[in-house]
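One file, work.txt, is given below (compact mmCIF, C-alpha atoms).
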# COMPACT_ATOMS: atom_id res chain seq x y z
CA MET A 1 -11.29 6.77 28.10
CA ALA A 2 -12.13 10.29 26.93
CA GLU A 3 -11.64 11.00 23.27
CA ARG A 4 -8.86 13.41 22.42
CA GLU A 5 -9.88 16.36 20.26
CA PRO A 6 -7.58 16.92 17.29
CA GLU A 7 -6.44 20.10 15.65
CA ALA A 8 -7.74 20.44 12.07
CA GLU A 9 -5.70 21.90 9.21
CA LEU A 10 -6.89 22.45 5.65
CA ASP A 11 -4.22 21.87 3.00
CA ALA A 12 -5.09 24.55 0.46
CA ARG A 13 -2.77 22.98 -2.15
CA TYR A 14 -5.22 20.09 -2.56
CA SER A 15 -8.48 21.88 -1.80
CA ASP A 16 -10.88 23.92 -3.88
CA GLU A 17 -10.81 27.67 -3.39
CA GLY A 18 -13.08 28.55 -0.48
CA ALA A 19 -12.96 25.03 1.00
CA THR A 20 -13.01 24.72 4.78
CA PRO A 21 -11.65 21.93 6.98
CA THR A 22 -14.04 19.03 7.51
CA PRO A 23 -15.19 19.09 11.15
CA TRP A 24 -13.75 16.26 13.25
CA ARG A 25 -17.23 15.29 14.49
CA GLN A 26 -18.23 14.58 10.86
CA ALA A 27 -15.10 12.50 10.19
CA ARG A 28 -15.52 10.61 13.48
CA ALA A 29 -19.14 9.82 12.61
CA ARG A 30 -18.03 8.45 9.22
CA LEU A 31 -15.32 6.35 10.86
CA ALA A 32 -17.88 4.91 13.25
CA ALA A 33 -20.51 4.23 10.56
CA ALA A 34 -18.29 2.70 7.86
CA GLU A 35 -18.91 -0.98 7.24
CA LEU A 36 -15.59 -1.83 5.58
CA TYR A 37 -12.03 -0.68 6.19
CA TRP A 38 -8.68 -1.46 4.58
CA LEU A 39 -5.76 -2.23 6.91
CA SER A 40 -2.21 -1.61 5.70
CA THR A 41 0.65 -3.24 7.60
CA VAL A 42 4.31 -3.98 6.84
CA ARG A 43 5.68 -7.48 6.33
CA PRO A 44 8.96 -8.43 8.03
CA ASP A 45 10.82 -7.96 4.72
CA GLY A 46 9.42 -4.43 4.33
CA ARG A 47 6.81 -5.17 1.68
CA PRO A 48 3.33 -3.73 2.29
CA HIS A 49 0.32 -5.88 3.11
CA VAL A 50 -3.25 -4.59 2.64
CA THR A 51 -6.45 -6.40 3.54
CA PRO A 52 -10.12 -5.50 3.98
CA LEU A 53 -11.73 -6.00 7.37
CA ILE A 54 -14.54 -4.80 9.60
CA ALA A 55 -13.94 -2.61 12.62
CA VAL A 56 -15.70 -0.59 15.30
CA TRP A 57 -15.08 2.85 16.79
CA VAL A 58 -15.03 2.62 20.59
CA ALA A 59 -13.59 5.09 23.11
CA GLY A 60 -11.67 7.20 20.60
CA ALA A 61 -10.13 4.42 18.53
CA LEU A 62 -10.80 1.87 15.81
CA HIS A 63 -10.80 -1.76 16.95
CA PHE A 64 -10.53 -4.92 14.86
CA CYS A 65 -9.90 -8.59 15.44
CA THR A 66 -7.99 -11.12 13.38
CA GLY A 67 -6.92 -14.71 13.56
CA ALA A 68 -3.79 -15.15 15.67
CA HIS A 69 -1.95 -16.78 12.77
CA GLU A 70 -3.05 -14.41 10.01
CA ARG A 71 -0.49 -12.32 8.11
CA LYS A 72 -1.72 -9.03 9.60
CA ALA A 73 -1.36 -10.34 13.18
CA GLY A 74 2.22 -11.40 12.47
CA ASN A 75 3.03 -8.11 10.81
CA LEU A 76 1.66 -6.13 13.75
CA ALA A 77 3.63 -8.26 16.23
CA ASP A 78 6.82 -7.16 14.45
CA ASN A 79 5.78 -3.58 13.63
CA PRO A 80 2.69 -1.94 15.16
CA HIS A 81 2.64 1.00 12.72
CA CYS A 82 -0.39 0.73 10.47
CA VAL A 83 -2.95 2.63 8.44
CA LEU A 84 -6.71 2.05 8.32
CA THR A 85 -8.68 3.59 5.47
CA THR A 86 -12.34 3.83 4.57
CA GLY A 87 -14.44 5.88 2.20
CA THR A 88 -15.97 5.49 -1.21
CA ASN A 89 -14.75 4.49 -4.64
CA LEU A 90 -16.54 7.50 -6.18
CA LEU A 91 -14.52 10.40 -7.58
CA HIS A 92 -16.95 13.28 -7.16
CA GLU A 93 -18.68 12.60 -3.84
CA GLY A 94 -17.96 11.33 -0.39
CA LEU A 95 -15.25 11.58 2.21
CA ASP A 96 -12.26 9.25 2.24
CA LEU A 97 -10.47 8.84 5.57
CA VAL A 98 -6.97 7.64 6.36
CA VAL A 99 -6.14 6.83 10.00
CA GLU A 100 -2.46 6.54 10.94
CA GLY A 101 -1.51 4.99 14.26
CA ASP A 102 -0.10 2.02 16.11
CA ALA A 103 -2.07 -1.17 16.62
CA VAL A 104 -1.95 -2.11 20.29
CA ARG A 105 -3.22 -5.49 21.41
CA LEU A 106 -6.27 -5.08 23.68
CA THR A 107 -6.24 -7.71 26.45
CA ASP A 108 -8.45 -6.27 29.21
CA ASP A 109 -11.61 -8.40 29.29
CA THR A 110 -13.80 -5.47 30.39
CA ALA A 111 -12.63 -3.36 27.43
CA LEU A 112 -12.95 -6.38 25.14
CA ARG A 113 -16.58 -6.89 26.21
CA ALA A 114 -17.34 -3.28 25.20
CA VAL A 115 -15.73 -3.87 21.80
CA ALA A 116 -17.58 -7.19 21.38
CA ALA A 117 -20.88 -5.44 22.14
CA ALA A 118 -20.05 -2.76 19.57
CA TYR A 119 -19.34 -5.43 16.93
CA GLU A 120 -22.68 -7.11 17.52
CA ALA A 121 -24.58 -3.79 17.62
CA LYS A 122 -23.00 -2.68 14.35
CA TYR A 123 -22.77 -5.92 12.36
CA GLY A 124 -25.48 -8.12 13.90
CA SER A 125 -25.56 -11.39 15.82
CA GLU A 126 -23.43 -13.07 13.16
CA TRP A 127 -20.53 -11.16 14.75
CA HIS A 128 -21.14 -12.23 18.36
CA PHE A 129 -17.98 -12.94 20.35
CA GLU A 130 -17.47 -14.39 23.77
CA VAL A 131 -14.63 -12.76 25.71
CA GLY A 132 -12.09 -14.43 27.97
CA ASP A 133 -8.39 -14.53 28.75
CA GLY A 134 -7.71 -11.44 26.66
CA PHE A 135 -9.23 -12.75 23.40
CA PHE A 136 -12.42 -12.81 21.37
CA HIS A 137 -13.70 -16.38 21.14
CA GLY A 138 -15.82 -17.29 18.15
CA ALA A 139 -16.00 -19.85 15.38
CA GLY A 140 -12.34 -19.21 14.49
CA GLY A 141 -10.95 -19.84 17.97
CA ALA A 142 -9.16 -17.32 20.16
CA ASP A 143 -8.67 -14.10 18.19
CA PRO A 144 -6.58 -11.13 19.30
CA VAL A 145 -8.17 -7.68 19.18
CA PHE A 146 -6.23 -4.57 18.25
CA ARG A 147 -6.89 -0.92 19.11
CA VAL A 148 -5.66 1.83 16.77
CA GLU A 149 -5.82 5.22 18.41
CA PRO A 150 -5.30 7.86 15.74
CA ALA A 151 -2.05 9.80 15.67
CA THR A 152 -2.99 11.60 12.45
CA VAL A 153 -6.10 11.33 10.28
CA PHE A 154 -6.45 12.65 6.74
CA GLY A 155 -9.84 13.44 5.19
CA PHE A 156 -10.26 13.80 1.45
CA GLY A 157 -13.53 15.51 0.58
CA LYS A 158 -14.84 15.00 -2.96
CA GLY A 159 -17.54 16.88 -4.83
CA GLY A 160 -15.95 20.07 -3.66
CA TYR A 161 -12.39 18.94 -3.03
CA SER A 162 -10.79 19.43 0.34
CA GLN A 163 -7.95 17.85 2.24
CA THR A 164 -8.08 18.06 6.02
CA ARG A 165 -5.45 16.78 8.42
CA TRP A 166 -6.27 16.18 12.08
CA ARG A 167 -3.36 15.87 14.48
CA PHE A 168 -4.06 14.38 17.85
CA PRO A 169 -2.36 15.49 21.05
CA ARG A 170 -0.20 12.81 22.58
CA PRO A 171 -1.67 11.32 25.77
Would it be possible to restate this file's structure as structure tokens?
Amino acid sequence: MAEREPEAELDARYSDEGATPTPWRQARARLAAAELYWLSTVRPDGRPHVTPLIAVWVAGALHFCTGAHERKAGNLADNPHCVLTTGTNLLHEGLDLVVEGDAVRLTDDTALRAVAAAYEAKYGSEWHFEVGDGFFHGAGGADPVFRVEPATVFGFGKGGYSQTRWRFPRP
């Protein structure tokens, strides 16, 4: 699947004078290279749920797996809207990224094999998964995999403050 190119907008209200929008290629590279992400979902009663996890950027989207009976899997079954964030806990340097989108269960074994290969390439053999019947199979059993294709991404540059919003065209 070809990656969709977003439109970038700088929000001058939250940016230093003279700031320019962060290029999408830079944000995409940071999304792909990050080791840790935070996933925000919504519980059935409307309360938020946030948890750290690892993920990979493949074919224009972030992908993550979870146990079938974990809270985040249940939340996403009821409401696919979610947010994935990554960045740094430093105030004066770095780029924080917020990805808004819907988590869609990935069940195609060919696509899952590409995601499994990306996990192992990024995180090492400790994160090797077998693929079959629409799941990752590892030490935890059969785990669903979710794909979050960005609808909107926000980038918060620090050490020269800037706020960039990328809006993605609908497929």
Can you tell me which residues surround Pro52 (chain A) at a distance of at most 7 Å, considering all atoms listed in the file, apart from same-chain residues fewer than 3 positions away, and format the answer as a ChimeraX atom specification? /A:36-39
Quick one: residues within 7 Å of (0.7, -6.7, 20.6) (file frame), counting only C-alpha atoms, please, as a PDB file with C-alpha atoms, keeping the file's coordinate frame.
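Output file part-v5.pdb is given in full below:
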ATOM      1  CA  LEU A  76       1.660  -6.130  13.750  1.00  0.00           C
ATOM      2  CA  ALA A  77       3.630  -8.260  16.230  1.00  0.00           C
ATOM      3  CA  VAL A 104      -1.950  -2.110  20.290  1.00  0.00           C
ATOM      4  CA  ARG A 105      -3.220  -5.490  21.410  1.00  0.00           C
TER       5      ARG A 105
END
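Between Val145 (chain A) and the residues A:Arg4, A:His63, A:Arg47, A:Lys122, the shortest atom-to-atom distance, using all atoms listed in the file, involves A:His63.
With all atoms listed in the file as the atoms that count, the minimum distance from His81 (chain A) to the choices A:His69, A:Arg43, A:His137, A:Arg165 is reached by A:Arg43.
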Please provide as a PyMOL selection string all residues within 7 Å of region 9-24 of chain A, with the sequence filter that same-chain residues fewer than 4 positions apart are discarded (counting all atoms listed in the file). chain A and resi 28+160-166
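Distance annotation: of A:Leu53, A:Ala29, A:Ala103, A:Ala151, the residue with the minimal separation from Asp78 (chain A) is A:Ala103; atom set is all atoms listed in the file.
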Name the closest residue to Asp102 (chain A) among the candidates A:Gly134, A:Gly74, A:Pro150, A:Gly46; distances are taken between atoms, counting all atoms listed in the file. A:Pro150
Would you mind reading off the distance between CA of Pro144 (chain A) and CA of Gly67 (chain A), one decimal, in Å? 6.8 Å
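The coordinates place CA of Leu97 (chain A) at 27.2 Å from CA of Ser125 (chain A).
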Quick one: distance from CA of Asp45 (chain A) to CA of Phe64 (chain A) in Å, one decimal? 23.8 Å
Among A:Val131, A:Val98, A:Ala27, A:Ala55, Leu112 (chain A) is approached most closely, using all atoms listed in the file, by A:Val131
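Closest approach to Pro44 (chain A) among A:Gly87, A:Gly60, A:Pro80, A:Gly155 is made by A:Pro80 (distances from only C-alpha atoms).
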Quick one: everything within 7 Å of Lys158 (chain A), counting all atoms listed in the file, minus sequence neighbours fewer than 5 positions away in the same chain. Send it as an NGL selection string. :A and (91-95)
At a cut-off of 12 Å, using all atoms listed in the file, what residues contact Arg113 (chain A)? Leave out same-chain residues fewer than 3 positions from it and give the result as a PyMOL selection string. chain A and resi 58+106-110+116-120+128-137+145
Contacts of region 167-169 of chain A within 6 Å, only C-alpha atoms, excl. fewer than 2 positions in-chain, as a PyMOL selection string: chain A and resi 6-7+151-152
